[in-house]
file input.txt (compact mmCIF, C-alpha atoms)
# COMPACT_ATOMS: atom_id res chain seq x y z
CA MET A 281 -19.10 -7.00 10.43
CA ARG A 282 -20.17 -6.93 6.79
CA ARG A 283 -19.00 -10.05 5.00
CA GLY A 284 -18.44 -8.07 1.85
CA LEU A 285 -15.36 -6.15 3.02
CA VAL A 286 -12.18 -7.16 1.24
CA VAL A 287 -8.82 -5.54 1.95
CA TYR A 288 -5.54 -5.71 0.06
CA ASN A 289 -3.01 -7.51 2.27
CA THR A 290 0.60 -6.71 1.40
CA MET A 291 1.74 -10.02 2.86
CA ALA A 292 -0.53 -12.01 0.53
CA MET A 293 -0.28 -9.52 -2.38
CA ARG A 294 -4.03 -9.80 -2.97
CA LYS A 295 -7.38 -8.69 -1.64
CA GLU A 296 -8.68 -10.89 1.13
CA ALA A 297 -11.96 -11.09 3.04
CA PHE A 298 -11.51 -9.14 6.24
CA GLY A 299 -13.55 -11.52 8.38
CA ALA A 300 -14.23 -11.76 12.10
CA PRO A 301 -17.00 -9.72 13.73
CA ARG A 302 -15.04 -8.30 16.66
CA LYS A 303 -13.20 -5.26 17.82
CA VAL A 304 -10.34 -4.45 15.47
CA LYS A 305 -6.89 -3.58 16.76
CA MET A 306 -5.09 -1.25 14.36
CA PHE A 307 -1.62 0.23 14.69
CA VAL A 308 -0.14 2.89 12.41
CA CYS A 309 3.45 4.13 12.47
CA GLY A 310 3.52 7.69 13.77
CA PRO A 311 5.82 10.63 13.08
CA THR A 312 9.37 11.34 14.20
CA VAL A 313 8.84 14.65 15.96
CA GLN A 314 11.78 16.78 14.86
CA ASN A 315 9.59 19.13 12.81
CA PHE A 316 6.01 19.79 11.70
CA ILE A 317 4.19 17.01 9.85
CA HIS A 318 3.76 17.42 6.09
CA VAL A 319 1.16 16.45 3.49
CA GLY A 320 2.59 12.95 3.14
CA HIS A 321 1.91 12.33 6.82
CA ALA A 322 -1.56 13.85 6.46
CA ARG A 323 -2.37 11.47 3.60
CA THR A 324 -1.47 8.46 5.76
CA TYR A 325 -3.31 9.49 8.92
CA VAL A 326 -6.41 10.71 7.06
CA PHE A 327 -6.70 7.38 5.25
CA TYR A 328 -6.48 5.24 8.41
CA ASP A 329 -8.93 7.58 10.11
CA VAL A 330 -11.34 6.71 7.26
CA VAL A 331 -10.61 3.00 7.74
CA ALA A 332 -11.50 3.27 11.43
CA ARG A 333 -14.59 5.37 10.64
CA TYR A 334 -15.82 2.89 8.05
CA LEU A 335 -15.28 -0.16 10.23
CA ALA A 336 -17.22 1.53 13.03
CA HIS A 337 -19.91 2.49 10.49
CA ILE A 338 -20.45 -1.17 9.57
CA GLY A 339 -20.53 -2.29 13.20
CA CYS A 340 -16.92 -3.11 13.94
CA PRO A 341 -15.33 -0.64 16.39
CA VAL A 342 -11.59 -0.05 16.17
CA GLU A 343 -8.93 0.43 18.82
CA PHE A 344 -6.61 2.68 16.83
CA LEU A 345 -3.11 3.21 18.17
CA VAL A 346 -0.39 5.52 16.82
CA ASN A 347 3.13 5.70 18.21
CA ILE A 348 5.14 8.91 18.38
CA THR A 349 8.87 8.56 17.80
CA ASP A 350 10.31 11.03 20.30
CA VAL A 351 13.69 9.24 20.57
CA ASP A 352 15.77 9.46 17.40
CA ASP A 353 19.10 10.71 16.05
CA ARG A 354 17.29 13.26 13.91
CA ILE A 355 15.63 14.79 16.96
CA THR A 356 18.94 15.04 18.81
CA ASN A 357 20.70 16.52 15.78
CA GLN A 358 17.92 19.07 15.23
CA ALA A 359 18.03 20.04 18.91
CA ILE A 360 21.76 20.67 18.68
CA THR A 361 21.20 22.81 15.58
CA GLN A 362 18.52 24.85 17.36
CA GLY A 363 20.51 25.16 20.58
CA THR A 364 17.98 23.32 22.72
CA ASP A 365 17.70 19.87 24.30
CA PRO A 366 16.09 16.88 22.53
CA GLU A 367 13.30 16.43 25.07
CA SER A 368 12.17 20.06 24.77
CA LEU A 369 12.30 19.91 20.98
CA ALA A 370 10.32 16.68 20.86
CA SER A 371 7.75 17.99 23.33
CA ARG A 372 7.18 21.10 21.19
CA TYR A 373 6.62 19.10 18.02
CA VAL A 374 4.46 16.48 19.74
CA ALA A 375 2.11 19.31 20.73
CA ALA A 376 2.18 20.66 17.17
CA PHE A 377 1.46 17.19 15.76
CA LEU A 378 -1.57 16.72 18.00
CA GLU A 379 -2.86 20.16 17.01
CA ASP A 380 -2.48 19.34 13.31
CA VAL A 381 -4.21 15.97 13.72
CA LYS A 382 -7.17 17.70 15.35
CA LYS A 383 -7.34 20.31 12.57
CA LEU A 384 -7.34 17.51 9.97
CA GLY A 385 -10.49 16.07 11.53
CA ILE A 386 -8.78 12.85 12.61
CA THR A 387 -10.99 11.70 15.47
CA THR A 388 -10.61 7.94 15.68
CA VAL A 389 -7.18 7.47 17.29
CA ALA A 390 -7.66 5.99 20.76
CA ARG A 391 -4.11 6.70 21.96
CA PHE A 392 -0.92 8.37 20.81
CA GLU A 393 1.98 6.59 22.53
CA PRO A 394 5.40 8.29 22.82
CA VAL A 395 8.03 5.58 22.49
CA SER A 396 10.14 7.14 25.27
CA LYS A 397 7.59 5.69 27.74
CA TYR A 398 8.51 2.18 26.62
CA VAL A 399 12.32 2.07 26.92
CA ASP A 400 12.19 -0.32 29.89
CA VAL A 401 9.91 -2.58 27.84
CA MET A 402 12.39 -2.44 24.94
CA ILE A 403 15.27 -3.43 27.23
CA GLY A 404 13.21 -6.40 28.43
CA GLN A 405 12.41 -7.46 24.87
CA VAL A 406 16.06 -7.19 23.78
CA SER A 407 17.07 -9.28 26.80
CA SER A 408 14.50 -11.89 25.80
CA LEU A 409 15.85 -12.03 22.23
CA LEU A 410 19.41 -12.43 23.51
CA LYS A 411 18.35 -15.23 25.83
CA SER A 412 16.50 -17.10 23.07
CA GLY A 413 19.44 -16.81 20.64
CA HIS A 414 17.72 -14.41 18.24
CA ALA A 415 20.16 -11.60 19.08
CA TYR A 416 23.86 -11.11 19.85
CA LEU A 417 26.33 -8.48 21.06
CA ALA A 418 28.81 -6.81 18.71
CA ASP A 419 30.49 -3.40 18.60
CA GLY A 420 28.90 -2.59 21.95
CA ALA A 421 25.50 -2.94 20.28
CA VAL A 422 22.86 -5.67 20.28
CA TYR A 423 21.83 -6.95 16.85
CA PHE A 424 18.93 -9.14 15.77
CA ASP A 425 20.25 -12.26 14.05
CA THR A 426 18.13 -12.53 10.89
CA SER A 427 19.52 -16.02 10.16
CA THR A 428 17.35 -17.27 13.05
CA PHE A 429 14.17 -16.04 11.35
CA PRO A 430 13.61 -17.89 8.04
CA ARG A 431 10.61 -15.73 7.05
CA TYR A 432 12.60 -12.48 7.02
CA GLY A 433 11.77 -10.87 3.67
CA ALA A 434 8.27 -12.38 3.37
CA LEU A 435 6.48 -9.03 3.59
CA SER A 436 8.63 -7.38 0.92
CA HIS A 437 8.54 -10.61 -1.12
CA GLN A 438 12.29 -10.72 -1.49
CA SER A 439 14.80 -13.43 -0.66
CA LYS A 440 17.56 -12.76 1.82
CA ARG A 441 19.96 -12.79 -1.08
CA GLU A 442 17.98 -10.03 -2.80
CA LEU A 443 17.78 -8.04 0.42
CA SER A 444 21.53 -8.37 0.92
CA LEU A 445 21.95 -6.04 -2.05
CA ARG A 446 20.37 -3.38 0.18
CA PRO A 447 22.50 -3.71 3.32
CA LEU A 448 21.80 -1.46 6.29
CA GLU A 449 23.76 -0.48 9.39
CA LEU A 450 27.11 -1.56 7.97
CA SER A 451 29.50 -3.04 10.53
CA PRO A 452 32.39 -5.51 10.08
CA ASN A 453 31.36 -7.32 13.26
CA LYS A 454 27.80 -8.12 12.28
CA ARG A 455 27.13 -11.79 11.57
CA ASN A 456 24.91 -11.06 8.57
CA LEU A 457 24.45 -8.06 6.30
CA LEU A 458 20.73 -7.96 7.08
CA ASP A 459 21.07 -7.93 10.87
CA PHE A 460 19.74 -4.76 12.49
CA ALA A 461 20.39 -2.98 15.77
CA LEU A 462 18.11 -3.54 18.73
CA TRP A 463 20.24 -1.45 21.08
CA ARG A 464 23.02 1.01 20.23
CA PRO A 465 25.78 2.54 22.38
CA VAL A 466 24.60 6.02 21.35
CA VAL A 467 23.39 8.45 23.99
CA LEU A 468 20.57 10.49 22.44
CA LEU A 469 19.37 12.02 25.70
CA GLU A 470 21.82 13.19 28.32
CA GLY A 471 22.12 10.64 31.12
CA LYS A 472 19.83 8.06 29.45
CA TRP A 473 19.49 5.09 29.22
CA ASP A 474 21.27 2.46 31.33
CA SER A 475 20.95 -1.14 30.14
CA PRO A 476 22.67 -4.47 30.80
CA TRP A 477 24.86 -3.65 27.76
CA GLY A 478 25.81 -0.16 28.84
CA ARG A 479 24.28 3.26 28.42
CA GLY A 480 22.70 3.82 25.04
CA SER A 481 19.50 4.03 23.03
CA PRO A 482 17.02 1.60 21.46
CA GLY A 483 17.05 0.87 17.75
CA TRP A 484 14.21 2.18 15.63
CA HIS A 485 12.42 -1.11 14.95
CA ILE A 486 12.17 -2.33 18.56
CA GLN A 487 10.34 0.88 19.49
CA ASP A 488 7.18 -0.09 17.60
CA THR A 489 7.35 -3.68 18.81
CA ALA A 490 7.43 -2.49 22.42
CA VAL A 491 4.34 -0.34 21.85
CA THR A 492 2.27 -2.94 19.99
CA LEU A 493 3.04 -6.00 22.12
CA THR A 494 2.35 -4.02 25.29
CA ASN A 495 -1.00 -2.68 24.10
CA PHE A 496 -2.28 -5.37 21.74
CA GLY A 497 -0.57 -8.56 22.80
CA ALA A 498 0.98 -11.13 20.48
CA GLN A 499 -1.34 -10.54 17.51
CA TYR A 500 -3.45 -7.73 16.09
CA ASP A 501 -5.51 -7.03 13.01
CA ILE A 502 -4.13 -4.15 10.94
CA HIS A 503 -0.71 -2.56 10.72
CA GLY A 504 -0.56 0.55 8.58
CA GLY A 505 1.99 2.96 7.20
CA ALA A 506 3.42 4.08 3.87
CA TYR A 507 4.83 1.33 1.65
CA GLU A 508 8.36 2.74 2.02
CA LEU A 509 8.32 1.26 5.55
CA ILE A 510 7.87 -2.33 4.38
CA TYR A 511 11.63 -2.90 4.34
CA PRO A 512 13.38 -2.79 6.67
CA HIS A 513 11.03 -1.43 9.32
CA HIS A 514 8.01 -3.70 9.05
CA GLU A 515 10.09 -6.77 8.20
CA ALA A 516 12.02 -6.12 11.40
CA GLU A 517 8.83 -5.73 13.44
CA ILE A 518 7.61 -9.13 12.25
CA ALA A 519 10.93 -10.81 13.04
CA GLN A 520 11.15 -9.26 16.51
CA GLY A 521 7.51 -9.72 17.48
CA GLU A 522 7.14 -13.32 16.37
CA SER A 523 10.52 -14.28 17.84
CA ILE A 524 9.56 -12.80 21.21
CA THR A 525 6.06 -14.31 21.43
CA GLY A 526 6.28 -17.43 19.28
CA VAL A 527 2.92 -16.43 17.76
CA SER A 528 2.48 -16.09 13.99
CA PRO A 529 1.30 -14.03 12.25
CA LEU A 530 2.01 -10.89 14.23
CA VAL A 531 -0.49 -9.01 12.06
CA ARG A 532 -3.50 -10.31 10.09
CA PHE A 533 -3.52 -7.50 7.50
CA TRP A 534 -0.60 -5.33 6.40
CA VAL A 535 -2.18 -2.28 4.74
CA HIS A 536 0.17 0.21 3.09
CA THR A 537 -0.48 3.62 1.58
CA GLY A 538 1.26 5.21 -1.38
CA LEU A 539 3.51 8.24 -1.08
CA VAL A 540 2.95 11.91 -1.74
CA ASN A 541 5.48 13.17 -4.29
CA ILE A 542 6.49 16.57 -5.58
CA GLY A 543 8.07 16.55 -9.02
CA SER A 544 8.22 12.73 -8.93
CA ARG A 545 10.29 12.91 -5.76
CA LYS A 546 8.99 11.75 -2.39
CA MET A 547 7.93 14.58 -0.12
CA SER A 548 10.15 14.47 2.96
CA LYS A 549 11.81 16.67 5.54
CA THR A 550 15.20 15.25 4.54
CA ALA A 551 14.70 16.13 0.85
CA GLY A 552 13.70 19.66 1.81
CA ASN A 553 10.52 19.56 -0.31
CA ALA A 554 8.04 19.09 2.52
CA LEU A 555 4.91 21.23 2.64
CA SER A 556 3.66 21.37 6.21
CA VAL A 557 0.05 20.60 7.05
CA ARG A 558 -0.33 23.83 8.99
CA SER A 559 0.85 25.95 6.07
CA LEU A 560 -1.46 24.11 3.66
CA LEU A 561 -4.46 24.54 5.96
CA ARG A 562 -4.03 28.28 5.48
CA ARG A 563 -4.86 27.67 1.79
CA CYS A 564 -7.77 25.27 2.24
CA THR A 565 -10.09 23.75 4.84
CA SER A 566 -9.54 20.32 6.35
CA SER A 567 -12.56 18.99 4.42
CA GLN A 568 -11.09 20.30 1.16
CA LEU A 569 -7.74 18.70 1.93
CA ARG A 570 -9.36 15.38 2.84
CA PHE A 571 -11.38 15.55 -0.38
CA TYR A 572 -8.17 16.10 -2.36
CA LEU A 573 -6.28 13.26 -0.65
CA LEU A 574 -9.15 10.75 -0.74
CA SER A 575 -9.76 11.38 -4.45
CA THR A 576 -6.78 9.10 -5.14
CA HIS A 577 -6.86 5.43 -4.14
CA TYR A 578 -4.76 4.91 -1.03
CA ARG A 579 -2.38 2.42 -2.67
CA GLU A 580 -1.43 4.85 -5.43
CA ASP A 581 1.13 7.63 -5.15
CA ILE A 582 -0.13 11.22 -5.28
CA GLU A 583 1.77 13.75 -7.36
CA PHE A 584 1.06 16.83 -5.29
CA ASP A 585 0.87 20.25 -6.85
CA LEU A 586 -0.95 23.44 -5.90
CA PRO A 587 -2.71 23.86 -9.29
CA ARG A 588 -4.35 20.45 -8.88
CA LEU A 589 -5.30 21.35 -5.32
CA GLY A 590 -6.91 24.49 -6.75
CA ARG A 591 -8.91 22.45 -9.25
CA GLU A 592 -10.09 20.07 -6.52
CA LYS A 593 -11.11 23.04 -4.37
CA LYS A 594 -13.29 24.32 -7.24
CA ARG A 595 -14.84 20.87 -7.63
CA PHE A 596 -15.45 20.78 -3.88
CA SER A 597 -17.05 24.25 -3.97
CA ARG A 598 -19.41 23.17 -6.76
CA ILE A 599 -20.54 20.15 -4.72
CA ALA A 600 -20.82 22.29 -1.58
CA ALA A 601 -23.07 24.82 -3.32
CA LYS A 602 -25.47 22.01 -4.35
CA ALA A 603 -25.24 20.52 -0.85
CA ARG A 604 -26.30 23.76 0.81
CA LYS A 605 -29.34 23.96 -1.46
CA ILE A 606 -30.34 20.41 -0.48
CA VAL A 607 -29.92 21.13 3.21
CA GLY A 608 -31.78 24.43 2.84
CA VAL A 609 -34.93 22.77 1.49
CA ARG A 610 -37.58 22.62 4.20
CA SER A 611 -40.81 20.64 4.29
CA LYS A 612 -43.36 19.63 6.88
CA GLU A 613 -42.15 16.07 6.81
CA ASP A 614 -38.77 14.75 5.84
CA GLY A 615 -38.92 12.14 3.14
CA ILE A 616 -37.21 8.77 3.29
CA ALA A 617 -34.34 7.92 0.99
CA PRO A 618 -34.98 4.92 -1.25
CA ALA A 619 -34.05 1.51 0.18
CA GLY A 620 -30.52 0.61 -0.77
CA ALA A 621 -29.66 4.23 -1.52
CA THR A 622 -26.15 3.84 -0.13
CA ALA A 623 -25.47 0.43 -1.72
CA ARG A 624 -23.03 1.87 -4.24
CA PHE A 625 -21.16 3.75 -1.52
CA HIS A 626 -20.81 0.57 0.53
CA ARG A 627 -19.73 -1.47 -2.51
CA ALA A 628 -16.96 1.04 -3.13
CA MET A 629 -15.76 1.05 0.47
CA ASP A 630 -16.08 -2.73 0.78
CA ASP A 631 -13.76 -3.03 -2.20
CA ASP A 632 -10.50 -2.22 -0.41
CA PHE A 633 -11.65 1.19 0.82
CA ASP A 634 -12.10 2.67 -2.65
CA THR A 635 -12.59 6.28 -1.57
CA PRO A 636 -12.42 7.75 -5.12
CA ALA A 637 -15.42 5.62 -6.16
CA ALA A 638 -17.21 6.47 -2.90
CA LEU A 639 -16.68 10.19 -3.54
CA GLU A 640 -17.98 9.84 -7.10
CA TRP A 641 -21.22 8.44 -5.70
CA VAL A 642 -21.49 11.26 -3.15
CA GLU A 643 -20.89 13.85 -5.87
CA GLU A 644 -23.42 12.34 -8.28
CA VAL A 645 -26.15 12.07 -5.65
CA ILE A 646 -25.66 15.66 -4.49
CA GLU A 647 -25.46 16.95 -8.09
CA SER A 648 -28.80 15.27 -8.80
CA GLY A 649 -30.45 17.64 -6.34
CA GLU A 650 -32.69 14.91 -4.91
CA ARG A 651 -33.30 16.03 -1.33
CA ASP A 652 -33.58 12.82 0.69
CA SER A 653 -30.85 10.84 -1.06
CA GLY A 654 -28.68 13.96 -1.05
CA ARG A 655 -29.01 14.42 2.68
CA LEU A 656 -28.13 10.77 3.17
CA ALA A 657 -25.04 11.17 0.99
CA LEU A 658 -23.95 14.22 2.97
CA SER A 659 -24.43 12.34 6.23
CA VAL A 660 -22.38 9.36 5.04
CA ALA A 661 -19.63 11.60 3.66
CA ASP A 662 -19.34 13.38 7.00
CA GLU A 663 -19.49 10.24 9.13
CA VAL A 664 -17.19 7.97 7.12
CA LEU A 665 -14.96 10.23 5.02
CA GLY A 666 -14.79 13.09 7.49
CA ILE A 667 -15.80 15.55 4.78
CA ASP A 668 -18.38 18.24 5.53
CA PHE A 669 -19.66 19.84 2.32
CA VAL A 670 -21.97 22.26 4.10
CA ARG A 671 -19.94 24.17 6.72
call {"tool": "encode", "arguments": {"input": "input.txt", "output": "structure tokens"}}
result
Amino acid sequence: MRRGLVVYNTMAMRKEAFGAPRKVKMFVCGPTVQNFIHVGHARTYVFYDVVARYLAHIGCPVEFLVNITDVDDRITNQAITQGTDPESLASRYVAAFLEDVKKLGITTVARFEPVSKYVDVMIGQVSSLLKSGHAYLADGAVYFDTSTFPRYGALSHQSKRELSLRPLELSPNKRNLLDFALWRPVVLLEGKWDSPWGRGSPGWHIQDTAVTLTNFGAQYDIHGGAYELIYPHHEAEIAQGESITGVSPLVRFWVHTGLVNIGSRKMSKTAGNALSVRSLLRRCTSSQLRFYLLSTHYREDIEFDLPRLGREKKRFSRIAAKARKIVGVRSKEDGIAPAGATARFHRAMDDDFDTPAALEWVEEVIESGERDSGRLALSVADEVLGIDFVR
């Protein structure tokens, strides 16, 4: 592990040295499969693919895990609208998601875990939280008691009083406004699931906790996702996970991406302004799309528009034309790139995965036309950024 890598940690609100030379465990929140993924999803998964690629590049392999939310009210509602059953609908869009991920050149994910495989684990975790006094029964549901977890709000850097102005899951029988459901008496799939509290379905937050604690244990290195998930989702994961295991912190680094907006409004299926990945990949290649997305720092929002995509495609084409000339040069012996030729690239990536600065270096080296350094830049761009300027 290179000592120079620093990463912005949402919990600390600053860049911190990443540390420890060992295998990294990284979890990223996956999609709810009621439709095709859109460009906002692509931005998230492409970025964490680059994180995993870069860590492997500097000698630190990553076990990268993504969950797939295939149990959700939105899936059931969409299935009813389409006249099908939720399991068939989810299965269809899981297959589409995996196809899109492959087309985007995302190669580093070790496992995609459907949360429906973990319902028994969730029931066990909810039972544990009830037994330890961190949860209670009300309205036929099981709620997490946030008053038992003093650090609730630490990730979003808000007090419980501030968070109470944003109440969720309103119910007159909840003990606290901030309490959230672990188990609900809502049947999302016909005949499923039986629990000690009656037939019903798991809450959203416990789904991720079941996946991560099962696969990674009580603590792991990176948790990713868009910053909109910080509250309540990631706050809830911390409260659940640490209350179940007694180990703190649940995660060493919380790394959050910005959103993709259209007309200053977040791209989303609910808002009806989502542009699917598969439709966009009919307009551009995966390398061109990755180039476009990685040209903005991951913590900043992207204001997506097709004219800008067109401009970035032209920029990409200019670099690609130079790249093909470099690759096309033949000689009896290949030269050797100057020592430290990639130092600027590594400085950029070591500084909180600054992909825009890394791409600037790649572009400048290729534009220079210098054969050996250019070939090295192309190799690094392909390996780490997943961008092929030649094909």
call {"tool": "residues_near_point", "arguments": {"input": "input.txt", "point": "(-7.9, 8.6, 13.1)", "cutoff": "10 Å", "atoms": "all atoms listed in the file", "output": "PyMOL selection string"}}
result
chain A and resi 308+324-333+342+344-346+381-382+384-391+666
call {"tool": "write_last_selection", "arguments": {"input": "input.txt", "atoms": "C-alpha atoms", "output": "CSV table (one decimal), keeping the file's coordinate frame"}}
result
chain,number,residue,atom,x,y,z
A,308,VAL,CA,-0.1,2.9,12.4
A,324,THR,CA,-1.5,8.5,5.8
A,325,TYR,CA,-3.3,9.5,8.9
A,326,VAL,CA,-6.4,10.7,7.1
A,327,PHE,CA,-6.7,7.4,5.2
A,328,TYR,CA,-6.5,5.2,8.4
A,329,ASP,CA,-8.9,7.6,10.1
A,330,VAL,CA,-11.3,6.7,7.3
A,331,VAL,CA,-10.6,3.0,7.7
A,332,ALA,CA,-11.5,3.3,11.4
A,333,ARG,CA,-14.6,5.4,10.6
A,342,VAL,CA,-11.6,0.0,16.2
A,344,PHE,CA,-6.6,2.7,16.8
A,345,LEU,CA,-3.1,3.2,18.2
A,346,VAL,CA,-0.4,5.5,16.8
A,381,VAL,CA,-4.2,16.0,13.7
A,382,LYS,CA,-7.2,17.7,15.4
A,384,LEU,CA,-7.3,17.5,10.0
A,385,GLY,CA,-10.5,16.1,11.5
A,386,ILE,CA,-8.8,12.8,12.6
A,387,THR,CA,-11.0,11.7,15.5
A,388,THR,CA,-10.6,7.9,15.7
A,389,VAL,CA,-7.2,7.5,17.3
A,390,ALA,CA,-7.7,6.0,20.8
A,391,ARG,CA,-4.1,6.7,22.0
A,666,GLY,CA,-14.8,13.1,7.5
call {"tool": "closest_residue", "arguments": {"input": "input.txt", "among": "A:Phe596, A:Trp463, A:Trp484, A:Tyr373", "to": "Glu647 (chain A)", "atoms": "only C-alpha atoms"}}
result
A:Phe596
call {"tool": "atom_distance", "arguments": {"input": "input.txt", "atom1": "CA of Thr492 (chain A)", "atom2": "CA of His536 (chain A)"}}
result
17.3 Å
call {"tool": "closest_atom_pairs", "arguments": {"input": "input.txt", "of": "region 518-615 of chain A", "to": "region 624-637 of chain A", "cutoff": "7 Å", "atoms": "only C-alpha atoms", "output": "tab-separated table"}}
result
residue	atom	partner	partner_atom	distance
A:Leu574	CA	A:Thr635	CA	5.7
A:Ser575	CA	A:Pro636	CA	4.5
A:Thr576	CA	A:Pro636	CA	5.8
A:His577	CA	A:Pro636	CA	6.1
call {"tool": "write_last_selection", "arguments": {"input": "input.txt", "atoms": "C-alpha atoms", "output": "PDB file, in the frame of the given file"}}
result
ATOM      1  CA  LEU A 574      -9.150  10.750  -0.740  1.00  0.00           C
ATOM      2  CA  SER A 575      -9.760  11.380  -4.450  1.00  0.00           C
ATOM      3  CA  THR A 576      -6.780   9.100  -5.140  1.00  0.00           C
ATOM      4  CA  HIS A 577      -6.860   5.430  -4.140  1.00  0.00           C
TER       5      HIS A 577
END
call {"tool": "residues_around", "arguments": {"input": "input.txt", "residues": "region 412-416 of chain A", "least_positions_apart": "6", "cutoff": "10 Å", "atoms": "only C-alpha atoms", "output": "PDB file with C-alpha atoms, in the coordinates of the input"}}
result
ATOM      1  CA  VAL A 406      16.060  -7.190  23.780  1.00  0.00           C
ATOM      2  CA  VAL A 422      22.860  -5.670  20.280  1.00  0.00           C
ATOM      3  CA  TYR A 423      21.830  -6.950  16.850  1.00  0.00           C
ATOM      4  CA  PHE A 424      18.930  -9.140  15.770  1.00  0.00           C
ATOM      5  CA  ASP A 425      20.250 -12.260  14.050  1.00  0.00           C
ATOM      6  CA  THR A 426      18.130 -12.530  10.890  1.00  0.00           C
ATOM      7  CA  SER A 427      19.520 -16.020  10.160  1.00  0.00           C
ATOM      8  CA  THR A 428      17.350 -17.270  13.050  1.00  0.00           C
ATOM      9  CA  PHE A 429      14.170 -16.040  11.350  1.00  0.00           C
ATOM     10  CA  LYS A 454      27.800  -8.120  12.280  1.00  0.00           C
ATOM     11  CA  ARG A 455      27.130 -11.790  11.570  1.00  0.00           C
ATOM     12  CA  ASP A 459      21.070  -7.930  10.870  1.00  0.00           C
ATOM     13  CA  PHE A 460      19.740  -4.760  12.490  1.00  0.00           C
ATOM     14  CA  ALA A 461      20.390  -2.980  15.770  1.00  0.00           C
ATOM     15  CA  LEU A 462      18.110  -3.540  18.730  1.00  0.00           C
ATOM     16  CA  ALA A 519      10.930 -10.810  13.040  1.00  0.00           C
ATOM     17  CA  GLN A 520      11.150  -9.260  16.510  1.00  0.00           C
ATOM     18  CA  SER A 523      10.520 -14.280  17.840  1.00  0.00           C
ATOM     19  CA  ILE A 524       9.560 -12.800  21.210  1.00  0.00           C
TER      20      ILE A 524
END
call {"tool": "residues_around", "arguments": {"input": "input.txt", "residues": "Leu586 (chain A)", "least_positions_apart": "4", "cutoff": "10 Å", "atoms": "only C-alpha atoms", "output": "list in words"}}
result
Leu560, Arg563, Gly590, Arg591 and Glu592 of chain A
call {"tool": "atom_distance", "arguments": {"input": "input.txt", "atom1": "CA of Gly543 (chain A)", "atom2": "CA of Val319 (chain A)"}}
result
14.3 Å
call {"tool": "residues_around", "arguments": {"input": "input.txt", "residues": "Ala498 (chain A)", "least_positions_apart": "4", "cutoff": "10 Å", "atoms": "only C-alpha atoms", "output": "number ranges by chain"}}
result
A: 489, 492-494, 521-522, 524-531
call {"tool": "atom_distance", "arguments": {"input": "input.txt", "atom1": "CA of Phe316 (chain A)", "atom2": "CA of Val557 (chain A)"}}
result
7.6 Å
call {"tool": "residues_around", "arguments": {"input": "input.txt", "residues": "Leu369 (chain A)", "least_positions_apart": "2", "cutoff": "9 Å", "atoms": "only C-alpha atoms", "output": "PyMOL selection string"}}
result
chain A and resi 313-315+355-356+358-359+362+364-367+371-374
call {"tool": "write_last_selection", "arguments": {"input": "input.txt", "atoms": "C-alpha atoms", "output": "PDB file, in the frame of the given file"}}
result
ATOM      1  CA  VAL A 313       8.840  14.650  15.960  1.00  0.00           C
ATOM      2  CA  GLN A 314      11.780  16.780  14.860  1.00  0.00           C
ATOM      3  CA  ASN A 315       9.590  19.130  12.810  1.00  0.00           C
ATOM      4  CA  ILE A 355      15.630  14.790  16.960  1.00  0.00           C
ATOM      5  CA  THR A 356      18.940  15.040  18.810  1.00  0.00           C
ATOM      6  CA  GLN A 358      17.920  19.070  15.230  1.00  0.00           C
ATOM      7  CA  ALA A 359      18.030  20.040  18.910  1.00  0.00           C
ATOM      8  CA  GLN A 362      18.520  24.850  17.360  1.00  0.00           C
ATOM      9  CA  THR A 364      17.980  23.320  22.720  1.00  0.00           C
ATOM     10  CA  ASP A 365      17.700  19.870  24.300  1.00  0.00           C
ATOM     11  CA  PRO A 366      16.090  16.880  22.530  1.00  0.00           C
ATOM     12  CA  GLU A 367      13.300  16.430  25.070  1.00  0.00           C
ATOM     13  CA  SER A 371       7.750  17.990  23.330  1.00  0.00           C
ATOM     14  CA  ARG A 372       7.180  21.100  21.190  1.00  0.00           C
ATOM     15  CA  TYR A 373       6.620  19.100  18.020  1.00  0.00           C
ATOM     16  CA  VAL A 374       4.460  16.480  19.740  1.00  0.00           C
TER      17      VAL A 374
END
call {"tool": "residues_around", "arguments": {"input": "input.txt", "residues": "Pro512 (chain A)", "least_positions_apart": "6", "cutoff": "10 Å", "atoms": "only C-alpha atoms", "output": "JSON, numbers by chain"}}
result
{"A": [432, 433, 435, 436, 443, 446, 447, 448, 458, 460, 485]}
call {"tool": "write_last_selection", "arguments": {"input": "input.txt", "atoms": "C-alpha atoms", "output": "CSV table (one decimal), in the coordinates of the input"}}
result
chain,number,residue,atom,x,y,z
A,432,TYR,CA,12.6,-12.5,7.0
A,433,GLY,CA,11.8,-10.9,3.7
A,435,LEU,CA,6.5,-9.0,3.6
A,436,SER,CA,8.6,-7.4,0.9
A,443,LEU,CA,17.8,-8.0,0.4
A,446,ARG,CA,20.4,-3.4,0.2
A,447,PRO,CA,22.5,-3.7,3.3
A,448,LEU,CA,21.8,-1.5,6.3
A,458,LEU,CA,20.7,-8.0,7.1
A,460,PHE,CA,19.7,-4.8,12.5
A,485,HIS,CA,12.4,-1.1,15.0
call {"tool": "closest_residue", "arguments": {"input": "input.txt", "among": "A:Asn347, A:Ser439, A:Ser556, A:Asn357", "to": "Ala322 (chain A)", "atoms": "only C-alpha atoms"}}
result
A:Ser556
